[in-house]
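Working notes, beginning with the structure itself.
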Amino acid sequence: MFLTLRLTRSTALLSLFLLAVNPVMAADEVVVENGKQVSFFYKLTVDNEVIDNNENREPMVYIQGAGQILPALEKELQGMQVKDTKTINLDAANAYGQVDPAAIQEVPTEQIPEGARQAGAVLQADGYPGPIRVVAVKDDVTTVDFNHPLAGKALTFDVTIAGIETPAAPVSMGARDGDAAEPSSSDPATPKTAN
């Protein structure tokens with residue numbers, strides 16, 4: 001009988017040791033994984049300046065693995081839990097890419113709306129998902145830039161996971177391995193597009 005009690009105690013101690021070394025995740029500790037609807041708060045810093053945040057607004061919502069945000073950002077969020085916080089640094093290549101000189105083009109000024117014929121104006125075009133920035137205007141030629149405004153920039157995201165849920169409807173998984181889907185908004189966390 002003493003031997004049986006000792007084995008039971010040893011087994012209990014071994015179990016406690018294994019739990020301490022490799023804790024079992026409780027059923028309610030859901031993590032960010034493909035197919036989950038994730039909501040998060042972020043602060044985006046570029047060149048030591050905060051350029052966007054949603055800390056006093058609704059959290060950003062996306063489906064993990066569906067290519068709805070920058071792939072490198074999505075990869076960094078994988079495995080996080082609700083209330084987790086993380087600082088994520090993305091170099092330009094993993095954010096919106098380097099500035100592509102071929103995406104800076106000259107067009108006849110007559111093709112630019114009169115109200116946008118000034119440097120700094122931002123245009124939208126049917127069939128093109130991103131903003132088009134006016135760089136310079138001359139009498140007959142206007143220089144426009146099709147690069148994303150954050151191309152060539154390293155980004156720092158400070159994120160806090162607000163929620164993780166299973167979506168109500170099945171979700172089609174999007175682009176993977178560095179390919180990005182078309183952006184759904186002008187939000188900095190949306191993926192880059194090929195120029």
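Here, A, B, ... name the chains of the structure tokens in the order displayed, residue numbers run from 1 inside each chain, and ligands are numbered from 1 in the same displayed order.
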
message: Residues within 8 Å of range 90-94 of chain A, please, as a list of chain:residue names. Count only C-alpha atoms; anything in the same chain fewer than 4 positions from it doesn't count.
response: A:Leu70, A:Pro71, A:Ala72, A:Leu73, A:Gln98, A:Ala151, A:Gly152, A:Lys153, A:Ala154, A:Leu155, A:Thr156

field: Near-Asn54 in chain A list (9 Å; only C-alpha atoms; drop same-chain fewer than 6 positions) as an MDAnalysis selection string
entry: chainID A and resid 40:43 60

Same residues, C-alpha atoms, output as an mmCIF file, in the first residue's frame:
data_model
loop_
_atom_site.group_PDB
_atom_site.id
_atom_site.type_symbol
_atom_site.label_atom_id
_atom_site.label_comp_id
_atom_site.auth_asym_id
_atom_site.auth_seq_id
_atom_site.Cartn_x
_atom_site.Cartn_y
_atom_site.Cartn_z
ATOM 1 C CA PHE A 40 -6.810 44.966 -32.732
ATOM 2 C CA PHE A 41 -5.799 48.461 -31.756
ATOM 3 C CA TYR A 42 -2.658 49.914 -33.287
ATOM 4 C CA LYS A 43 -0.399 52.937 -33.286
ATOM 5 C CA MET A 60 -9.372 47.209 -36.870
#

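You will find CA of Ile63 in chain A at 26.2 Å from CA of Asp126 in chain A.
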
- request: For Pro101 in chain A, list every protein, DNA or RNA residue within 12 Å, evaluated using only C-alpha atoms, and leave out those in the same chain fewer than 6 positions away; present the list as a PyMOL selection string.
  value: chain A and resi 143-147+151-152+195

Neighbour list for Thr160 in chain A as a ChimeraX atom specification, cut-off 10 Å, only C-alpha atoms, skip fewer than 4 positions in-chain: /A:39-43,55,59,77,80-87

Output N, CA and C atoms for every residue in the selection just made, as a PDB file, in the first residue's frame.
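After the write, selection_38.pdb holds the following:
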ATOM      1  N   SER A  39      -9.590  41.378 -34.004  1.00  0.00           N
ATOM      2  CA  SER A  39      -9.705  42.831 -33.899  1.00  0.00           C
ATOM      3  C   SER A  39      -8.531  43.320 -33.053  1.00  0.00           C
ATOM      4  N   PHE A  40      -7.962  44.460 -33.469  1.00  0.00           N
ATOM      5  CA  PHE A  40      -6.810  44.966 -32.732  1.00  0.00           C
ATOM      6  C   PHE A  40      -6.727  46.480 -32.808  1.00  0.00           C
ATOM      7  N   PHE A  41      -6.106  47.040 -31.787  1.00  0.00           N
ATOM      8  CA  PHE A  41      -5.799  48.461 -31.756  1.00  0.00           C
ATOM      9  C   PHE A  41      -4.344  48.606 -32.177  1.00  0.00           C
ATOM     10  N   TYR A  42      -4.038  49.709 -32.868  1.00  0.00           N
ATOM     11  CA  TYR A  42      -2.658  49.914 -33.287  1.00  0.00           C
ATOM     12  C   TYR A  42      -2.289  51.384 -33.240  1.00  0.00           C
ATOM     13  N   LYS A  43      -0.996  51.614 -33.115  1.00  0.00           N
ATOM     14  CA  LYS A  43      -0.399  52.937 -33.286  1.00  0.00           C
ATOM     15  C   LYS A  43       0.696  52.721 -34.312  1.00  0.00           C
ATOM     16  N   GLU A  55      -6.575  54.020 -31.427  1.00  0.00           N
ATOM     17  CA  GLU A  55      -6.708  53.791 -29.996  1.00  0.00           C
ATOM     18  C   GLU A  55      -7.984  54.391 -29.404  1.00  0.00           C
ATOM     19  N   PRO A  59     -11.672  49.065 -33.018  1.00  0.00           N
ATOM     20  CA  PRO A  59     -10.491  48.305 -33.431  1.00  0.00           C
ATOM     21  C   PRO A  59     -10.578  47.917 -34.899  1.00  0.00           C
ATOM     22  N   LEU A  77       1.355  38.799 -35.877  1.00  0.00           N
ATOM     23  CA  LEU A  77       0.200  38.691 -34.983  1.00  0.00           C
ATOM     24  C   LEU A  77      -0.152  37.235 -34.672  1.00  0.00           C
ATOM     25  N   MET A  80      -0.801  35.392 -31.041  1.00  0.00           N
ATOM     26  CA  MET A  80      -1.108  36.309 -29.942  1.00  0.00           C
ATOM     27  C   MET A  80      -2.488  35.989 -29.366  1.00  0.00           C
ATOM     28  N   GLN A  81      -2.729  36.452 -28.151  1.00  0.00           N
ATOM     29  CA  GLN A  81      -3.998  36.260 -27.467  1.00  0.00           C
ATOM     30  C   GLN A  81      -4.623  37.614 -27.147  1.00  0.00           C
ATOM     31  N   VAL A  82      -5.896  37.599 -26.785  1.00  0.00           N
ATOM     32  CA  VAL A  82      -6.597  38.822 -26.399  1.00  0.00           C
ATOM     33  C   VAL A  82      -5.833  39.485 -25.247  1.00  0.00           C
ATOM     34  N   LYS A  83      -5.675  40.792 -25.363  1.00  0.00           N
ATOM     35  CA  LYS A  83      -4.968  41.666 -24.420  1.00  0.00           C
ATOM     36  C   LYS A  83      -3.455  41.629 -24.580  1.00  0.00           C
ATOM     37  N   ASP A  84      -2.927  40.746 -25.434  1.00  0.00           N
ATOM     38  CA  ASP A  84      -1.487  40.761 -25.692  1.00  0.00           C
ATOM     39  C   ASP A  84      -1.127  42.052 -26.407  1.00  0.00           C
ATOM     40  N   THR A  85       0.051  42.575 -26.118  1.00  0.00           N
ATOM     41  CA  THR A  85       0.571  43.755 -26.802  1.00  0.00           C
ATOM     42  C   THR A  85       1.924  43.400 -27.402  1.00  0.00           C
ATOM     43  N   LYS A  86       2.262  44.090 -28.476  1.00  0.00           N
ATOM     44  CA  LYS A  86       3.522  43.792 -29.155  1.00  0.00           C
ATOM     45  C   LYS A  86       3.926  44.988 -30.008  1.00  0.00           C
ATOM     46  N   THR A  87       5.209  45.256 -30.069  1.00  0.00           N
ATOM     47  CA  THR A  87       5.758  46.248 -30.991  1.00  0.00           C
ATOM     48  C   THR A  87       6.334  45.480 -32.170  1.00  0.00           C
TER      49      THR A  87
END

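For the choices A:Asn53, A:Thr109, A:Gly127, A:Val38, the atom-to-atom distance to Ile69 in chain A is smallest for A:Val38 when using only C-alpha atoms.
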
- request: List every residue of range 18-163 of chain A that DSSP, applied to the backbone, labels as strand (DSSP E), and write the result as a PyMOL selection string.
  value: chain A and resi 37-46+49-53+60-63+85-90+104-108+122-125+128-137+141-145+155-163

Store the residues picked out above, limited to C-alpha atoms, as a compact mmCIF listing (two decimals), in the first residue's frame.
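As a result, out.txt now contains:
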# COMPACT_ATOMS: atom_id res chain seq x y z
CA GLN A 37 -11.58 37.09 -37.05
CA VAL A 38 -9.15 39.31 -35.17
CA SER A 39 -9.70 42.83 -33.90
CA PHE A 40 -6.81 44.97 -32.73
CA PHE A 41 -5.80 48.46 -31.76
CA TYR A 42 -2.66 49.91 -33.29
CA LYS A 43 -0.40 52.94 -33.29
CA LEU A 44 1.65 53.36 -36.47
CA THR A 45 4.96 55.21 -36.24
CA VAL A 46 7.08 56.23 -39.23
CA GLU A 49 6.35 60.24 -35.79
CA VAL A 50 2.96 58.70 -34.99
CA ILE A 51 1.06 58.95 -38.29
CA ASP A 52 -2.02 56.92 -37.45
CA ASN A 53 -3.72 55.08 -34.62
CA MET A 60 -9.37 47.21 -36.87
CA VAL A 61 -10.94 43.87 -37.83
CA TYR A 62 -9.54 41.33 -40.29
CA ILE A 63 -9.49 37.59 -40.93
CA THR A 85 0.57 43.75 -26.80
CA LYS A 86 3.52 43.79 -29.16
CA THR A 87 5.76 46.25 -30.99
CA ILE A 88 6.25 45.13 -34.58
CA ASN A 89 8.97 46.66 -36.76
CA LEU A 90 8.62 46.16 -40.51
CA ILE A 104 6.52 57.97 -61.04
CA GLN A 105 5.17 59.09 -64.39
CA GLU A 106 4.44 62.17 -66.42
CA VAL A 107 0.95 62.62 -67.86
CA PRO A 108 -0.59 65.46 -69.84
CA VAL A 122 -4.23 63.04 -54.15
CA LEU A 123 -6.20 61.40 -56.95
CA GLN A 124 -8.24 58.22 -57.23
CA ALA A 125 -8.68 56.36 -60.51
CA TYR A 128 -6.48 51.47 -59.51
CA PRO A 129 -6.78 50.56 -55.82
CA GLY A 130 -4.41 53.07 -54.26
CA PRO A 131 -3.95 56.80 -54.07
CA ILE A 132 -2.14 58.63 -56.85
CA ARG A 133 -0.14 61.61 -55.64
CA VAL A 134 0.59 64.69 -57.73
CA VAL A 135 4.30 65.44 -57.40
CA ALA A 136 4.80 68.41 -59.73
CA VAL A 137 2.73 70.42 -62.20
CA VAL A 141 2.94 67.92 -68.04
CA THR A 142 2.08 66.74 -64.53
CA THR A 143 4.23 64.27 -62.61
CA VAL A 144 2.23 61.71 -60.63
CA ASP A 145 3.41 59.03 -58.21
CA LEU A 155 6.91 51.00 -40.13
CA THR A 156 6.51 50.41 -36.41
CA PHE A 157 3.15 49.08 -35.21
CA ASP A 158 2.32 49.00 -31.50
CA VAL A 159 -0.60 46.57 -31.34
CA THR A 160 -3.01 45.28 -28.71
CA ILE A 161 -5.27 42.36 -29.55
CA ALA A 162 -8.86 43.33 -28.67
CA GLY A 163 -10.72 40.20 -29.75

query: So which one's closest to Arg117 in chain A, A:Glu58, A:His148, A:Asp140, A:Ala95? Using only C-alpha atoms, please.
result: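 Comparing A:Glu58, A:His148, A:Asp140, A:Ala95 against Arg117 in chain A, the winner is A:Asp140.
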
message: What does the structure give for the distance between CA of Gly65 in chain A and CA of Pro149 in chain A, in Å to one decimal?
response: 24.7 Å

DSSP says alpha helix (DSSP H) for which residues of range 41-168 of chain A? Put them as a PDB file with C-alpha atoms, in the first residue's frame?
ATOM      1  CA  PRO A  71       1.528  39.796 -44.777  1.00  0.00           C
ATOM      2  CA  ALA A  72       4.480  40.557 -42.471  1.00  0.00           C
ATOM      3  CA  LEU A  73       2.160  42.210 -39.927  1.00  0.00           C
ATOM      4  CA  GLU A  74      -0.210  39.245 -40.121  1.00  0.00           C
ATOM      5  CA  LYS A  75       2.701  36.855 -39.518  1.00  0.00           C
ATOM      6  CA  GLU A  76       3.745  38.808 -36.408  1.00  0.00           C
ATOM      7  CA  LEU A  77       0.200  38.691 -34.983  1.00  0.00           C
TER       8      LEU A  77
END
